[in-house]
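Pasted below: run-v2.tsv, TSV, C-alpha atoms.
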chain	number	residue	atom	x	y	z
A	1	MET	CA	-50.74	-56.94	101.47
A	2	PRO	CA	-48.47	-57.00	104.59
A	3	PRO	CA	-50.35	-56.96	107.90
A	4	SER	CA	-51.02	-53.62	109.58
A	5	ILE	CA	-50.09	-53.35	113.23
A	6	LEU	CA	-50.80	-50.63	115.78
A	7	VAL	CA	-48.30	-50.43	118.64
A	8	VAL	CA	-49.72	-48.60	121.64
A	9	GLY	CA	-46.73	-47.05	123.40
A	10	GLY	CA	-43.51	-45.54	122.10
A	11	GLY	CA	-41.09	-46.45	124.86
A	12	ILE	CA	-38.17	-48.76	124.27
A	13	ILE	CA	-40.40	-51.86	124.23
A	14	GLY	CA	-42.81	-50.41	121.69
A	15	CYS	CA	-40.09	-48.95	119.45
A	16	ALA	CA	-37.91	-52.07	119.58
A	17	THR	CA	-40.80	-54.36	118.71
A	18	ALA	CA	-42.01	-52.02	115.98
A	19	TYR	CA	-38.53	-52.14	114.47
A	20	GLU	CA	-38.49	-55.95	114.48
A	21	LEU	CA	-41.97	-56.13	112.95
A	22	ALA	CA	-41.05	-53.62	110.25
A	23	LYS	CA	-37.96	-55.65	109.38
A	24	ALA	CA	-40.31	-58.60	108.88
A	25	GLY	CA	-42.33	-56.60	106.36
A	26	CYS	CA	-45.26	-55.41	108.48
A	27	ARG	CA	-46.91	-52.01	108.17
A	28	VAL	CA	-46.47	-50.55	111.65
A	29	THR	CA	-47.77	-47.42	113.36
A	30	VAL	CA	-46.65	-46.46	116.87
A	31	LEU	CA	-49.08	-44.38	118.93
A	32	GLU	CA	-47.33	-42.57	121.80
A	33	ARG	CA	-49.12	-40.36	124.32
A	34	ASN	CA	-45.98	-38.31	124.98
A	35	THR	CA	-42.79	-38.48	122.91
A	36	PRO	CA	-40.83	-41.67	122.15
A	37	GLY	CA	-38.86	-42.66	125.24
A	38	GLY	CA	-40.32	-39.76	127.20
A	39	GLU	CA	-41.39	-41.83	130.20
A	40	ALA	CA	-39.69	-44.77	131.98
A	41	SER	CA	-37.40	-45.59	129.03
A	42	GLY	CA	-35.76	-42.20	129.22
A	43	ALA	CA	-35.71	-42.01	133.02
A	44	ALA	CA	-33.72	-45.19	133.69
A	45	ALA	CA	-29.99	-45.75	134.25
A	46	GLY	CA	-29.51	-48.30	131.47
A	47	LEU	CA	-28.06	-51.16	133.53
A	48	LEU	CA	-27.83	-54.51	131.73
A	49	ALA	CA	-27.36	-56.89	134.65
A	50	PRO	CA	-28.95	-60.29	133.91
A	51	LEU	CA	-27.97	-61.87	137.22
A	52	GLY	CA	-29.00	-58.85	139.28
A	53	GLU	CA	-28.09	-58.29	142.89
A	54	SER	CA	-30.10	-61.24	144.23
A	55	ARG	CA	-31.73	-62.92	141.25
A	56	GLU	CA	-32.02	-66.70	141.47
A	57	PRO	CA	-31.94	-69.09	138.50
A	58	GLY	CA	-35.37	-69.48	136.91
A	59	PRO	CA	-37.52	-68.39	133.95
A	60	PHE	CA	-36.95	-64.67	134.50
A	61	GLN	CA	-33.18	-65.04	134.71
A	62	THR	CA	-33.28	-67.16	131.54
A	63	LEU	CA	-35.17	-64.40	129.74
A	64	ALA	CA	-32.76	-61.75	131.05
A	65	VAL	CA	-29.66	-63.67	130.00
A	66	GLU	CA	-31.05	-64.33	126.52
A	67	SER	CA	-31.66	-60.60	126.10
A	68	TRP	CA	-28.18	-59.76	127.42
A	69	ARG	CA	-26.69	-62.10	124.82
A	70	LEU	CA	-28.47	-60.18	122.07
A	71	TYR	CA	-27.15	-56.76	123.11
A	72	PRO	CA	-23.76	-56.65	121.32
A	73	LYS	CA	-25.39	-57.41	117.96
A	74	VAL	CA	-28.30	-55.04	118.67
A	75	VAL	CA	-25.95	-52.18	119.52
A	76	GLU	CA	-23.83	-52.84	116.44
A	77	GLU	CA	-26.91	-52.88	114.21
A	78	LEU	CA	-28.54	-49.77	115.67
A	79	GLU	CA	-25.35	-47.76	115.54
A	80	ALA	CA	-24.74	-48.87	111.94
A	81	VAL	CA	-28.22	-47.92	110.68
A	82	THR	CA	-28.59	-44.68	112.66
A	83	GLY	CA	-25.03	-43.40	113.10
A	84	MET	CA	-25.81	-42.86	116.82
A	85	ASN	CA	-23.43	-43.78	119.64
A	86	VAL	CA	-25.56	-45.38	122.37
A	87	GLN	CA	-22.63	-45.43	124.85
A	88	TYR	CA	-22.56	-49.18	125.39
A	89	VAL	CA	-20.13	-49.82	128.28
A	90	THR	CA	-18.78	-53.28	129.22
A	91	ALA	CA	-16.72	-52.47	132.33
A	92	GLY	CA	-18.70	-54.64	134.77
A	93	THR	CA	-20.48	-54.10	138.09
A	94	VAL	CA	-19.19	-54.25	141.66
A	95	TYR	CA	-21.66	-55.53	144.28
A	96	PRO	CA	-20.31	-54.66	147.77
A	97	LEU	CA	-20.49	-57.44	150.37
A	98	LEU	CA	-20.80	-56.38	154.01
A	99	GLY	CA	-20.19	-59.55	156.00
A	100	GLY	CA	-19.39	-63.25	156.15
A	101	PRO	CA	-22.81	-64.59	155.11
A	102	GLU	CA	-22.92	-62.29	152.07
A	103	ILE	CA	-19.41	-63.31	151.05
A	104	GLU	CA	-20.30	-67.01	151.33
A	105	ALA	CA	-23.47	-66.49	149.29
A	106	ALA	CA	-21.41	-64.69	146.64
A	107	ARG	CA	-18.95	-67.57	146.48
A	108	GLU	CA	-21.90	-69.88	145.92
A	109	ARG	CA	-22.92	-67.77	142.92
A	110	MET	CA	-19.53	-68.49	141.39
A	111	THR	CA	-20.65	-72.12	141.02
A	112	TRP	CA	-23.73	-71.24	138.96
A	113	PRO	CA	-23.67	-72.49	135.36
A	114	LEU	CA	-23.65	-68.92	134.02
A	115	ALA	CA	-20.86	-67.68	136.29
A	116	ARG	CA	-18.06	-68.28	133.81
A	117	GLU	CA	-19.91	-66.74	130.87
A	118	LEU	CA	-20.71	-63.63	132.90
A	119	GLY	CA	-17.27	-63.38	134.52
A	120	VAL	CA	-18.39	-63.70	138.15
A	121	GLU	CA	-15.74	-63.50	140.86
A	122	VAL	CA	-15.37	-62.49	144.51
A	123	LEU	CA	-12.84	-59.74	145.23
A	124	GLU	CA	-11.43	-59.15	148.71
A	125	GLY	CA	-8.89	-56.84	150.29
A	126	ALA	CA	-6.18	-55.52	148.00
A	127	ARG	CA	-7.74	-57.08	144.89
A	128	LEU	CA	-10.94	-55.12	145.52
A	129	ARG	CA	-9.08	-51.84	146.17
A	130	GLU	CA	-7.08	-52.32	142.99
A	131	ARG	CA	-10.25	-52.90	140.96
A	132	GLU	CA	-12.26	-50.01	142.42
A	133	PRO	CA	-10.21	-47.68	144.69
A	134	ALA	CA	-13.10	-45.29	145.37
A	135	LEU	CA	-15.06	-47.78	147.49
A	136	ALA	CA	-15.43	-47.07	151.21
A	137	ASP	CA	-12.72	-48.56	153.43
A	138	ASP	CA	-15.23	-50.53	155.51
A	139	ILE	CA	-16.33	-52.65	152.53
A	140	PRO	CA	-14.32	-55.88	152.95
A	141	ALA	CA	-15.29	-57.66	149.73
A	142	ALA	CA	-17.43	-57.47	146.62
A	143	LEU	CA	-18.96	-59.66	143.99
A	144	PHE	CA	-17.67	-58.54	140.60
A	145	VAL	CA	-19.64	-59.35	137.45
A	146	GLN	CA	-17.61	-58.52	134.36
A	147	GLY	CA	-20.58	-59.34	132.12
A	148	ASP	CA	-22.77	-56.61	133.59
A	149	HIS	CA	-22.93	-53.85	131.00
A	150	TRP	CA	-24.79	-50.59	130.67
A	151	VAL	CA	-26.01	-48.26	127.97
A	152	ASN	CA	-27.26	-44.70	127.64
A	153	ASN	CA	-30.96	-45.55	127.67
A	154	GLU	CA	-32.05	-42.19	126.25
A	155	ARG	CA	-29.79	-42.65	123.24
A	156	LEU	CA	-30.82	-46.29	122.89
A	157	VAL	CA	-34.55	-45.60	122.67
A	158	ALA	CA	-33.87	-42.72	120.27
A	159	ALA	CA	-31.83	-45.11	118.12
A	160	TYR	CA	-34.61	-47.69	118.13
A	161	ALA	CA	-37.16	-45.02	117.16
A	162	GLN	CA	-34.93	-43.70	114.37
A	163	ALA	CA	-34.19	-47.21	113.09
A	164	ALA	CA	-37.90	-48.04	113.13
A	165	ALA	CA	-38.74	-44.88	111.21
A	166	GLY	CA	-36.04	-45.77	108.70
A	167	ARG	CA	-37.86	-49.05	108.12
A	168	GLY	CA	-41.11	-47.24	107.39
A	169	VAL	CA	-42.68	-47.25	110.86
A	170	VAL	CA	-45.01	-44.28	111.38
A	171	ILE	CA	-44.49	-42.81	114.86
A	172	ARG	CA	-47.29	-40.53	116.02
A	173	SER	CA	-46.48	-38.53	119.14
A	174	GLY	CA	-49.04	-36.86	121.37
A	175	VAL	CA	-51.69	-39.45	120.52
A	176	GLU	CA	-53.44	-40.98	123.51
A	177	VAL	CA	-55.28	-44.27	123.03
A	178	SER	CA	-58.43	-44.51	125.14
A	179	GLU	CA	-59.81	-47.90	124.13
A	180	ILE	CA	-58.87	-51.14	122.40
A	181	LEU	CA	-61.68	-52.42	120.18
A	182	VAL	CA	-62.66	-56.09	120.06
A	183	GLU	CA	-65.48	-57.43	117.92
A	184	ALA	CA	-66.50	-61.08	117.52
A	185	GLY	CA	-63.44	-62.26	119.44
A	186	ARG	CA	-60.94	-60.34	117.31
A	187	VAL	CA	-59.17	-57.03	117.77
A	188	ARG	CA	-60.28	-54.43	115.25
A	189	GLY	CA	-58.16	-51.46	116.28
A	190	VAL	CA	-58.18	-48.69	118.87
A	191	VAL	CA	-59.87	-45.43	119.70
A	192	ALA	CA	-57.39	-42.56	119.80
A	193	GLY	CA	-58.32	-38.89	120.08
A	194	GLY	CA	-61.95	-39.86	119.59
A	195	ALA	CA	-61.21	-41.50	116.23
A	196	ARG	CA	-61.36	-45.19	115.36
A	197	LEU	CA	-58.07	-46.53	113.95
A	198	GLU	CA	-58.25	-50.01	112.44
A	199	ALA	CA	-55.50	-52.61	112.07
A	200	ASP	CA	-54.95	-56.34	111.66
A	201	ALA	CA	-53.21	-56.55	115.03
A	202	VAL	CA	-52.63	-54.40	118.11
A	203	LEU	CA	-49.68	-54.55	120.50
A	204	LEU	CA	-50.26	-53.02	123.93
A	205	ALA	CA	-46.88	-51.71	125.12
A	206	ALA	CA	-47.92	-48.63	127.03
A	207	GLY	CA	-45.69	-49.17	130.07
A	208	ALA	CA	-47.13	-47.91	133.34
A	209	TRP	CA	-50.25	-46.72	131.50
A	210	SER	CA	-51.07	-50.20	130.16
A	211	GLY	CA	-53.43	-50.92	133.04
A	212	GLN	CA	-55.55	-47.87	132.23
A	213	LEU	CA	-56.62	-49.14	128.83
A	214	MET	CA	-59.86	-51.06	128.62
A	215	VAL	CA	-60.17	-53.93	126.16
A	216	SER	CA	-63.78	-53.51	125.14
A	217	ARG	CA	-65.75	-56.35	123.60
A	218	ARG	CA	-68.34	-54.72	121.33
A	219	GLY	CA	-71.85	-56.07	121.63
A	220	THR	CA	-71.33	-56.87	125.32
A	221	SER	CA	-71.01	-54.86	128.50
A	222	ARG	CA	-67.73	-56.53	129.36
A	223	GLY	CA	-64.28	-55.01	129.47
A	224	GLU	CA	-60.91	-56.14	130.76
A	225	ARG	CA	-57.78	-54.40	132.00
A	226	LEU	CA	-54.30	-55.59	132.86
A	227	PRO	CA	-53.28	-55.36	136.55
A	228	VAL	CA	-50.40	-52.98	135.75
A	229	GLU	CA	-49.58	-50.11	138.09
A	230	PRO	CA	-46.96	-47.34	138.10
A	231	VAL	CA	-44.01	-47.52	140.49
A	232	ARG	CA	-42.17	-44.23	140.78
A	233	GLY	CA	-38.40	-44.19	140.64
A	234	GLN	CA	-36.39	-41.10	141.56
A	235	ILE	CA	-32.84	-40.76	140.31
A	236	LEU	CA	-30.12	-38.12	140.41
A	237	CYS	CA	-26.96	-37.28	138.55
A	238	VAL	CA	-23.66	-35.97	139.92
A	239	SER	CA	-20.44	-35.06	138.18
A	240	ASN	CA	-18.03	-37.87	137.37
A	241	SER	CA	-15.36	-35.54	135.99
A	242	PRO	CA	-12.61	-36.28	136.77
A	243	PRO	CA	-13.67	-39.96	136.86
A	244	LEU	CA	-14.43	-41.25	140.32
A	245	LEU	CA	-15.68	-44.71	139.35
A	246	GLY	CA	-14.62	-46.97	136.53
A	247	HIS	CA	-17.31	-49.58	137.14
A	248	ALA	CA	-20.96	-49.57	138.08
A	249	VAL	CA	-21.53	-50.14	141.80
A	250	HIS	CA	-24.71	-51.80	143.05
A	251	GLY	CA	-25.46	-51.75	146.77
A	252	ARG	CA	-28.47	-53.08	148.63
A	253	SER	CA	-30.72	-50.14	147.80
A	254	VAL	CA	-28.74	-47.84	145.52
A	255	TYR	CA	-26.78	-48.16	142.30
A	256	LEU	CA	-24.10	-45.93	140.79
A	257	VAL	CA	-23.60	-45.84	137.03
A	258	PRO	CA	-20.78	-43.79	135.44
A	259	ARG	CA	-21.40	-42.58	131.90
A	260	PRO	CA	-18.80	-41.73	129.26
A	261	SER	CA	-20.31	-38.24	129.15
A	262	GLY	CA	-18.84	-37.45	132.60
A	263	GLU	CA	-22.02	-38.04	134.59
A	264	LEU	CA	-22.59	-40.45	137.47
A	265	LEU	CA	-26.17	-41.66	137.91
A	266	VAL	CA	-27.42	-42.51	141.41
A	267	GLY	CA	-30.71	-44.37	141.72
A	268	ALA	CA	-33.33	-45.30	142.36
A	269	THR	CA	-36.30	-45.26	144.67
A	270	VAL	CA	-39.17	-47.76	144.43
A	271	GLU	CA	-42.40	-45.98	145.37
A	272	HIS	CA	-46.01	-47.11	144.97
A	273	VAL	CA	-47.50	-43.60	144.84
A	274	GLY	CA	-49.53	-43.74	141.64
A	275	PHE	CA	-48.71	-41.15	138.99
A	276	ALA	CA	-47.44	-38.53	141.43
A	277	ARG	CA	-44.75	-36.86	139.30
A	278	GLU	CA	-42.51	-35.34	141.96
A	279	VAL	CA	-38.86	-35.37	142.96
A	280	THR	CA	-38.70	-35.14	146.75
A	281	ASP	CA	-35.94	-33.71	148.95
A	282	GLU	CA	-36.24	-36.73	151.25
A	283	ALA	CA	-35.59	-39.21	148.45
A	284	ILE	CA	-32.65	-37.25	147.03
A	285	GLU	CA	-31.05	-36.95	150.46
A	286	ARG	CA	-31.45	-40.67	151.07
A	287	LEU	CA	-29.97	-41.58	147.70
A	288	ILE	CA	-26.98	-39.30	148.31
A	289	ASP	CA	-26.44	-40.67	151.85
A	290	GLU	CA	-26.51	-44.27	150.61
A	291	ALA	CA	-24.24	-43.46	147.69
A	292	VAL	CA	-21.70	-41.75	149.98
A	293	SER	CA	-21.71	-44.77	152.30
A	294	LEU	CA	-20.47	-46.85	149.35
A	295	VAL	CA	-18.27	-44.26	147.64
A	296	PRO	CA	-17.37	-41.39	150.02
A	297	GLY	CA	-15.97	-39.24	147.21
A	298	ILE	CA	-19.49	-38.70	145.87
A	299	GLY	CA	-20.08	-36.30	148.77
A	300	ALA	CA	-17.74	-33.81	147.16
A	301	ARG	CA	-19.32	-33.98	143.71
A	302	ALA	CA	-21.78	-31.41	142.33
A	303	LEU	CA	-25.41	-32.43	141.97
A	304	LEU	CA	-26.22	-31.87	138.29
A	305	SER	CA	-29.86	-32.92	137.99
A	306	SER	CA	-32.62	-35.15	139.33
A	307	TRP	CA	-35.79	-36.64	137.86
A	308	CYS	CA	-38.37	-39.39	138.23
A	309	GLY	CA	-40.14	-41.93	136.06
A	310	PHE	CA	-42.92	-44.51	136.33
A	311	ARG	CA	-42.02	-48.16	135.92
A	312	PRO	CA	-44.78	-50.59	134.88
A	313	TRP	CA	-45.34	-53.16	137.63
A	314	ALA	CA	-47.52	-56.29	137.79
A	315	PRO	CA	-48.48	-57.96	141.09
A	316	ASP	CA	-45.93	-60.76	140.64
A	317	SER	CA	-43.21	-58.32	139.50
A	318	LEU	CA	-42.84	-60.20	136.20
A	319	PRO	CA	-43.37	-58.88	132.68
A	320	ILE	CA	-46.60	-59.58	130.80
A	321	LEU	CA	-45.79	-60.84	127.32
A	322	GLY	CA	-47.78	-62.57	124.63
A	323	PRO	CA	-51.29	-62.92	123.17
A	324	TRP	CA	-54.30	-61.63	125.06
A	325	PRO	CA	-56.41	-64.68	125.95
A	326	GLY	CA	-59.56	-65.08	123.90
A	327	VAL	CA	-58.84	-62.14	121.56
A	328	ASP	CA	-57.27	-62.88	118.19
A	329	GLY	CA	-54.77	-60.28	117.04
A	330	LEU	CA	-54.21	-58.59	120.41
A	331	PHE	CA	-50.80	-58.86	122.04
A	332	VAL	CA	-49.14	-57.49	125.18
A	333	ALA	CA	-45.60	-56.41	126.05
A	334	THR	CA	-45.56	-54.55	129.34
A	335	ALA	CA	-44.84	-54.71	133.11
A	336	HIS	CA	-41.06	-54.96	132.72
A	337	PHE	CA	-40.75	-53.07	136.03
A	338	ARG	CA	-37.02	-52.34	136.60
A	339	ASN	CA	-35.80	-54.31	133.59
A	340	GLY	CA	-37.28	-52.67	130.50
A	341	ILE	CA	-33.94	-51.63	129.02
A	342	LEU	CA	-32.36	-55.03	129.66
A	343	LEU	CA	-35.32	-56.98	128.27
A	344	ALA	CA	-36.02	-54.84	125.19
A	345	PRO	CA	-34.14	-56.99	122.61
A	346	ILE	CA	-35.60	-60.34	123.71
A	347	THR	CA	-39.08	-58.84	124.11
A	348	ALA	CA	-38.95	-57.40	120.59
A	349	HIS	CA	-37.74	-60.73	119.20
A	350	LEU	CA	-40.22	-63.01	121.00
A	351	VAL	CA	-43.28	-60.76	120.90
A	352	GLY	CA	-42.54	-60.03	117.26
A	353	GLN	CA	-42.65	-63.79	116.63
A	354	CYS	CA	-45.92	-63.89	118.56
A	355	VAL	CA	-47.54	-61.24	116.40
A	356	LEU	CA	-46.33	-62.83	113.17
A	357	ALA	CA	-47.22	-66.43	114.06
A	358	GLY	CA	-50.23	-65.78	116.31
A	359	ARG	CA	-48.85	-67.98	119.09
A	360	ALA	CA	-46.32	-67.60	121.87
A	361	PRO	CA	-42.81	-69.09	121.79
A	362	ALA	CA	-42.13	-71.48	124.67
A	363	LEU	CA	-39.84	-69.01	126.45
A	364	LEU	CA	-42.83	-66.73	127.05
A	365	GLY	CA	-44.84	-69.41	128.88
A	366	PRO	CA	-44.30	-68.03	132.43
A	367	PHE	CA	-45.07	-64.47	131.31
A	368	LEU	CA	-48.34	-64.84	129.40
A	369	PRO	CA	-51.24	-62.48	130.18
A	370	ASP	CA	-53.58	-65.39	130.90
A	371	ARG	CA	-52.00	-65.87	134.33
A	372	PHE	CA	-54.13	-62.92	135.44
A	373	PHE	CA	-57.42	-63.86	133.84
A	374	PRO	CA	-58.67	-66.94	132.01
A	375	ALA	CA	-59.24	-67.10	128.29
A	376	THR	CA	-62.71	-66.02	127.26
A	377	PRO	CA	-64.59	-68.30	124.89

Do you think you could lay out the structure here as structure tokens?
Amino acid sequence: MPPSILVVGGGIIGCATAYELAKAGCRVTVLERNTPGGEASGAAAGLLAPLGESREPGPFQTLAVESWRLYPKVVEELEAVTGMNVQYVTAGTVYPLLGGPEIEAARERMTWPLARELGVEVLEGARLREREPALADDIPAALFVQGDHWVNNERLVAAYAQAAAGRGVVIRSGVEVSEILVEAGRVRGVVAGGARLEADAVLLAAGAWSGQLMVSRRGTSRGERLPVEPVRGQILCVSNSPPLLGHAVHGRSVYLVPRPSGELLVGATVEHVGFAREVTDEAIERLIDEAVSLVPGIGARALLSSWCGFRPWAPDSLPILGPWPGVDGLFVATAHFRNGILLAPITAHLVGQCVLAGRAPALLGPFLPDRFFPATP
């Protein structure tokens, strides 16, 4: 009989991985405390920027680029099996540069091995105005990354959930898992709603709530938790009709993302305030002020809506991916922080391999859970 797998968390990471596991023939159930995509996955802006505004070459960039390379095929597949348009946009991102040192650093990025593949170039003067006329006049230059894409994250997670369900995945909403059960060094299932649910394997993908779940070792008084905390992000939406921007714009502390639906997203704050679910006037005013400093025309646009979400953050700001040390059958996919949408395809692929093979692919080496606590004999 195919293995049974419980996925704790129905955000984009949980739904994407459930879909991959179901395609491999597994019997998968997703347990989601809210509704699929109802937390960070639905509150994001959907940027797919593997180089980022300041990201240096290294293991994380490698992971991000590998996921970015998967996106065209993922979008094609999801749209084909669900009939949903996830609004995948490939127009590129403009990163304003505000002085000589920033311009020189941007020129250095053009020499990186990935620069040609991602279409990296420095635009100055008339070339910049021609590419993005709405930028403020006092911005002398910008780094342009043609390979930066974006997607409607709400539609994407809905497409993943629908595709997973079409493959036989059972998605249970409003089910809160309180405990992960471990007996004799092996995961046995979870406790949800006071009931014991058993499975051959468990994937912990509960986003910002991952650190609240105790991995209990039956027969002992010991329990372990991941060091994952929520980081609140506030974001707002203004009208982009008629179109003000044709590209995404990413400044030092604010990004602007135009959607085909006629909306322009402005985000996002980074706040270590626990699970305080609140949109504050101060944050909205700051986001608007910073957005107007980059694109003055935003000041004349109507504010349509604002919201917040909780990103899952680990102390080293890196995702936690792979097998839980010392517990057979327990796996982790969380702490993607500000990159959950970008990293969903590669996480689903690699963690799916992990679950099926019982060991981590080499690419996951820097992101394994055991960097936070040693394996338990």

Distance query Glu285 (chain A) at most 12 Å, all atoms listed in the file, self and fewer than 6 positions along chain excluded, as number ranges by chain: A: 234-236, 266-269, 279, 291-292, 299, 303, 306

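Between CA of Gly251 (chain A) and CA of Gly42 (chain A) there is a distance of 22.5 Å.
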
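Checking A:Gly309, A:Gly329, A:Gly100, A:Gly83 one by one against Ile5 (chain A), counting all atoms listed in the file, you find the shortest gap at A:Gly329.
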
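CA of Ser178 (chain A) to CA of His272 (chain A) spans 23.5 Å [interatomic distance, one decimal].
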
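Nearest residue to Pro230 (chain A), choosing from A:Ala300, A:Ile320, A:Ala335, A:Ala205 and counting all atoms listed in the file: A:Ala335.
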
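Remark: for Ala49 (chain A), the closest of the candidate residues A:Tyr19, A:Tyr160, A:Trp112, A:Phe144 is A:Phe144 (distances computed over all atoms listed in the file).
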
Atom-to-atom span, CA of Thr111 (chain A) and CA of Leu51 (chain A), Å: 13.2 Å

Which residue of A:Ala208, A:Val8, A:Ala142, A:Ala362 approaches Glu39 (chain A) most closely, using only C-alpha atoms: A:Ala208

Residue neighbourhood region 244-246 of chain A, 9 Å, all atoms listed in the file, exclusion window fewer than 6 positions, as an NGL selection string: :A and (91-92 or 131-135 or 256-258 or 264 or 295 or 297-298)

Neighbour list for Ala141 (chain A) as a ChimeraX atom specification, cut-off 10 Å, all atoms listed in the file, skip fewer than 6 positions in-chain: /A:94-100,102-103,106,122-129

Nearest residue to Glu183 (chain A) from the set A:Val215, A:Leu350, A:Ala195, A:Ala40 (distances using only C-alpha atoms): A:Val215

Near-Asn152 (chain A) list (7 Å; only C-alpha atoms; drop same-chain fewer than 6 positions) as an NGL selection string: :A and (46 or 86-88)

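If only C-alpha atoms are the atoms counted, then among A:Pro50, A:Val254, A:Gln162, A:Glu56 the closest residue to Leu294 (chain A) is A:Val254.
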
Determine, counting all atoms listed in the file, which protein, DNA and RNA residues have an atom within 9 Å of an atom of Ser173 (chain A); residues of the same chain fewer than 6 positions away are not included. Present the result as a compact mmCIF listing (two decimals) with C-alpha atoms, in the frame of the given file.
# COMPACT_ATOMS: atom_id res chain seq x y z
CA GLY A 10 -43.51 -45.54 122.10
CA VAL A 30 -46.65 -46.46 116.87
CA LEU A 31 -49.08 -44.38 118.93
CA GLU A 32 -47.33 -42.57 121.80
CA ARG A 33 -49.12 -40.36 124.32
CA ASN A 34 -45.98 -38.31 124.98
CA THR A 35 -42.79 -38.48 122.91
CA PRO A 36 -40.83 -41.67 122.15

Reconstructed region 179-193 of chain A, atom set N, CA and C atoms, as a PDB file, in the frame of the given file:
ATOM      1  N   GLU A 179     -59.059 -46.644 124.141  1.00  0.00           N
ATOM      2  CA  GLU A 179     -59.810 -47.900 124.130  1.00  0.00           C
ATOM      3  C   GLU A 179     -59.224 -48.830 123.063  1.00  0.00           C
ATOM      4  N   ILE A 180     -59.236 -50.117 123.374  1.00  0.00           N
ATOM      5  CA  ILE A 180     -58.870 -51.140 122.400  1.00  0.00           C
ATOM      6  C   ILE A 180     -60.146 -51.856 121.985  1.00  0.00           C
ATOM      7  N   LEU A 181     -60.409 -51.924 120.695  1.00  0.00           N
ATOM      8  CA  LEU A 181     -61.680 -52.420 120.180  1.00  0.00           C
ATOM      9  C   LEU A 181     -61.596 -53.903 119.828  1.00  0.00           C
ATOM     10  N   VAL A 182     -62.560 -54.659 120.344  1.00  0.00           N
ATOM     11  CA  VAL A 182     -62.660 -56.090 120.060  1.00  0.00           C
ATOM     12  C   VAL A 182     -64.074 -56.387 119.596  1.00  0.00           C
ATOM     13  N   GLU A 183     -64.177 -57.046 118.460  1.00  0.00           N
ATOM     14  CA  GLU A 183     -65.480 -57.430 117.920  1.00  0.00           C
ATOM     15  C   GLU A 183     -65.418 -58.887 117.473  1.00  0.00           C
ATOM     16  N   ALA A 184     -66.411 -59.667 117.909  1.00  0.00           N
ATOM     17  CA  ALA A 184     -66.500 -61.080 117.520  1.00  0.00           C
ATOM     18  C   ALA A 184     -65.213 -61.834 117.834  1.00  0.00           C
ATOM     19  N   GLY A 185     -64.615 -61.516 118.998  1.00  0.00           N
ATOM     20  CA  GLY A 185     -63.440 -62.260 119.440  1.00  0.00           C
ATOM     21  C   GLY A 185     -62.153 -61.869 118.757  1.00  0.00           C
ATOM     22  N   ARG A 186     -62.159 -60.762 118.010  1.00  0.00           N
ATOM     23  CA  ARG A 186     -60.940 -60.340 117.310  1.00  0.00           C
ATOM     24  C   ARG A 186     -60.724 -58.846 117.490  1.00  0.00           C
ATOM     25  N   VAL A 187     -59.468 -58.447 117.658  1.00  0.00           N
ATOM     26  CA  VAL A 187     -59.170 -57.030 117.770  1.00  0.00           C
ATOM     27  C   VAL A 187     -59.418 -56.357 116.422  1.00  0.00           C
ATOM     28  N   ARG A 188     -59.985 -55.176 116.480  1.00  0.00           N
ATOM     29  CA  ARG A 188     -60.280 -54.430 115.250  1.00  0.00           C
ATOM     30  C   ARG A 188     -59.486 -53.128 115.165  1.00  0.00           C
ATOM     31  N   GLY A 189     -58.921 -52.702 116.282  1.00  0.00           N
ATOM     32  CA  GLY A 189     -58.160 -51.460 116.280  1.00  0.00           C
ATOM     33  C   GLY A 189     -58.265 -50.782 117.623  1.00  0.00           C
ATOM     34  N   VAL A 190     -58.145 -49.459 117.628  1.00  0.00           N
ATOM     35  CA  VAL A 190     -58.180 -48.690 118.870  1.00  0.00           C
ATOM     36  C   VAL A 190     -58.991 -47.417 118.635  1.00  0.00           C
ATOM     37  N   VAL A 191     -59.320 -46.779 119.739  1.00  0.00           N
ATOM     38  CA  VAL A 191     -59.870 -45.430 119.700  1.00  0.00           C
ATOM     39  C   VAL A 191     -58.800 -44.489 120.218  1.00  0.00           C
ATOM     40  N   ALA A 192     -58.421 -43.511 119.421  1.00  0.00           N
ATOM     41  CA  ALA A 192     -57.390 -42.560 119.800  1.00  0.00           C
ATOM     42  C   ALA A 192     -57.836 -41.164 119.396  1.00  0.00           C
ATOM     43  N   GLY A 193     -57.863 -40.249 120.367  1.00  0.00           N
ATOM     44  CA  GLY A 193     -58.320 -38.890 120.080  1.00  0.00           C
ATOM     45  C   GLY A 193     -59.739 -38.849 119.570  1.00  0.00           C
TER      46      GLY A 193
END
